[in-house]
Amino acid sequence: MVRGHAPLLSLQTGPRMFSGLRWLIFVFLFVGSSLGAAQDTKKGKGETPQAPNAPAGAPPAKRDAAPKAEPPPAAKPSIPDEFRLNMLIRTTIIAVNQANKTNNYTVLRDLGSPRFREGNTPERLARIFESLRNAKFDLSPVLFFTPKLLRPPTIEDSGMLGLTGFFDTRPQRVAFDLLFEDVKGEWQLYGINIATQPAPATNGQGPAPPQPKQPDAPMRQ
């Protein structure tokens, strides 16, 4: 009679088997704790991690550049002396007078600053001064009069030199309101208003000069 195959391995379940298991567990725990202690000892040495070396030939790291100091604000130009102020006013009025007589405003435009020339062609200036030209009023007597300023010469916040006043000519006064721009140390015309008004019977200064609208010649407000 064939009975089944005999078992190849036998499993012991007695006290001897349990004692062997306890020994294996103890050995495993001992080895595991030894490895953990070794790792802790290595970590406890306080080794400082080092940054990776820079590749050969790499330029040294640049430090942040210090912020550049801002340049000091430009100083306002000084006000010219009285002689120079009179020359600025008179030459400007005479240039307008010559332009009115010849109906050629090229020279007047060329006397202006670069910004004045950019904003005004000779033809545009001819339109601006059309009423004064048609009145045929001769402005040349201003050469024999000293201009009287209604307020002291001022340097505007923009750096412009402002001159407002009149010539006490008769029978008509010549009133002016002028702006000059400092271009490389030279005062050049930037804005202009010229008008005439009846001279008062007395020698007083009278009312402030009118300021006719001239849209293409920039002026002080």
# chains A, B, ... in the order shown; residues from 1 in each chain; ligands from 1
$ residues_around --residues "Arg151 of chain A" --least-positions-apart "2" --cutoff "10 Å" --atoms "only C-alpha atoms" --output "CSV table (one decimal) with all heavy atoms, in the first residue's frame"
chain,number,residue,atom,x,y,z
A,148,LYS,N,13.2,149.6,-17.8
A,148,LYS,CA,12.8,149.6,-16.4
A,148,LYS,C,12.1,148.3,-16.1
A,148,LYS,O,11.1,148.0,-16.8
A,148,LYS,CB,11.9,150.8,-16.2
A,148,LYS,CG,12.5,152.2,-16.4
A,148,LYS,CD,11.6,153.3,-16.1
A,148,LYS,CE,12.2,154.7,-16.2
A,148,LYS,NZ,11.3,155.8,-15.9
A,149,LEU,N,12.6,147.6,-15.1
A,149,LEU,CA,12.1,146.3,-14.8
A,149,LEU,C,10.9,146.5,-13.7
A,149,LEU,O,11.1,147.3,-12.8
A,149,LEU,CB,13.1,145.4,-14.2
A,149,LEU,CG,14.3,145.1,-15.2
A,149,LEU,CD1,15.3,144.2,-14.5
A,149,LEU,CD2,13.8,144.4,-16.5
A,153,PRO,N,15.2,140.9,-11.6
A,153,PRO,CA,15.4,139.7,-12.4
A,153,PRO,C,15.4,138.5,-11.6
A,153,PRO,O,15.9,138.4,-10.5
A,153,PRO,CB,16.8,140.0,-13.0
A,153,PRO,CG,17.0,141.5,-12.8
A,153,PRO,CD,16.3,141.9,-11.6
A,154,THR,N,14.8,137.4,-12.1
A,154,THR,CA,14.7,136.2,-11.4
A,154,THR,C,15.2,135.0,-12.2
A,154,THR,O,15.1,135.0,-13.4
A,154,THR,CB,13.2,135.9,-11.0
A,154,THR,OG1,12.4,135.9,-12.2
A,154,THR,CG2,12.7,137.0,-10.1
A,162,GLY,N,14.2,135.4,-16.1
A,162,GLY,CA,13.0,136.1,-16.5
A,162,GLY,C,13.2,137.6,-16.3
A,162,GLY,O,13.6,138.1,-15.3
A,163,LEU,N,12.8,138.4,-17.4
A,163,LEU,CA,12.9,139.8,-17.4
A,163,LEU,C,11.6,140.4,-17.8
A,163,LEU,O,11.2,140.2,-19.0
A,163,LEU,CB,14.1,140.3,-18.3
A,163,LEU,CG,15.5,139.8,-17.9
A,163,LEU,CD1,16.5,140.2,-19.0
A,163,LEU,CD2,15.9,140.3,-16.5
A,164,THR,N,11.0,141.2,-17.0
A,164,THR,CA,9.7,141.8,-17.3
A,164,THR,C,9.8,143.3,-17.0
A,164,THR,O,10.2,143.7,-15.9
A,164,THR,CB,8.5,141.2,-16.5
A,164,THR,OG1,8.5,139.8,-16.7
A,164,THR,CG2,7.2,141.8,-16.9
A,165,GLY,N,9.4,144.2,-18.0
A,165,GLY,CA,9.5,145.6,-17.8
A,165,GLY,C,9.0,146.4,-19.0
A,165,GLY,O,8.2,145.9,-19.8
$ residues_around --residues "Ile194 of chain A" --least-positions-apart "2" --cutoff "7 Å" --atoms "only C-alpha atoms" --output "ChimeraX atom specification"
/A:175-177,192
$ write_last_selection --atoms "all heavy atoms" --output "tab-separated table (two decimals), in the first residue's frame"
chain	number	residue	atom	x	y	z
A	175	ALA	N	6.49	147.56	-23.97
A	175	ALA	CA	6.49	146.62	-22.84
A	175	ALA	C	7.03	145.27	-23.30
A	175	ALA	O	6.81	144.85	-24.44
A	175	ALA	CB	5.07	146.47	-22.29
A	176	PHE	N	7.71	144.59	-22.42
A	176	PHE	CA	8.32	143.30	-22.79
A	176	PHE	C	8.23	142.32	-21.62
A	176	PHE	O	8.18	142.70	-20.45
A	176	PHE	CB	9.79	143.49	-23.19
A	176	PHE	CG	10.65	144.11	-22.13
A	176	PHE	CD1	11.22	143.34	-21.11
A	176	PHE	CD2	10.88	145.48	-22.12
A	176	PHE	CE1	12.01	143.92	-20.13
A	176	PHE	CE2	11.66	146.07	-21.14
A	176	PHE	CZ	12.22	145.29	-20.14
A	177	ASP	N	8.19	141.07	-21.99
A	177	ASP	CA	8.26	139.96	-21.03
A	177	ASP	C	9.11	138.89	-21.70
A	177	ASP	O	8.67	138.26	-22.67
A	177	ASP	CB	6.87	139.44	-20.70
A	177	ASP	CG	6.89	138.47	-19.53
A	177	ASP	OD1	7.93	138.38	-18.85
A	177	ASP	OD2	5.88	137.79	-19.29
A	192	ILE	N	9.32	135.18	-25.63
A	192	ILE	CA	9.24	136.62	-25.84
A	192	ILE	C	7.79	137.07	-26.00
A	192	ILE	O	7.00	136.42	-26.68
A	192	ILE	CB	10.07	137.03	-27.09
A	192	ILE	CG1	9.95	138.53	-27.36
A	192	ILE	CG2	9.68	136.21	-28.32
A	192	ILE	CD1	10.89	139.02	-28.45
$ residues_around --residues "segment 85-102 of chain A" --least-positions-apart "4" --cutoff "7 Å" --atoms "only C-alpha atoms" --output "list of chain:residue names"
A:Pro80, A:Asp81, A:Leu108, A:Arg133, A:Asp138, A:Leu139, A:Ser140, A:Val142, A:Leu143, A:Pro147
$ write_last_selection --atoms "C-alpha atoms" --output "compact mmCIF listing (two decimals), in the first residue's frame"
# COMPACT_ATOMS: atom_id res chain seq x y z
CA PRO A 80 23.97 138.74 -15.11
CA ASP A 81 25.04 142.22 -14.10
CA LEU A 108 15.47 136.58 -34.69
CA ARG A 133 4.40 144.55 -37.81
CA ASP A 138 9.28 151.78 -34.81
CA LEU A 139 10.98 150.10 -31.86
CA SER A 140 14.47 151.49 -32.54
CA VAL A 142 14.71 151.82 -27.24
CA LEU A 143 18.41 152.23 -27.98
CA PRO A 147 14.77 149.49 -19.67
$ atom_distance --atom1 "atom CA of Ala75 of chain A" --atom2 "atom CA of Gln188 of chain A"
18.2 Å
$ atom_distance --atom1 "atom CA of Pro171 of chain A" --atom2 "atom CA of Ile128 of chain A"
23.6 Å
$ atom_distance --atom1 "atom CA of Phe129 of chain A" --atom2 "atom CA of Phe144 of chain A"
23.0 Å
$ closest_residue --among "A:Pro152, A:Arg109, A:Gly159, A:Arg127" --to "Glu181 of chain A" --atoms "only C-alpha atoms"
A:Gly159
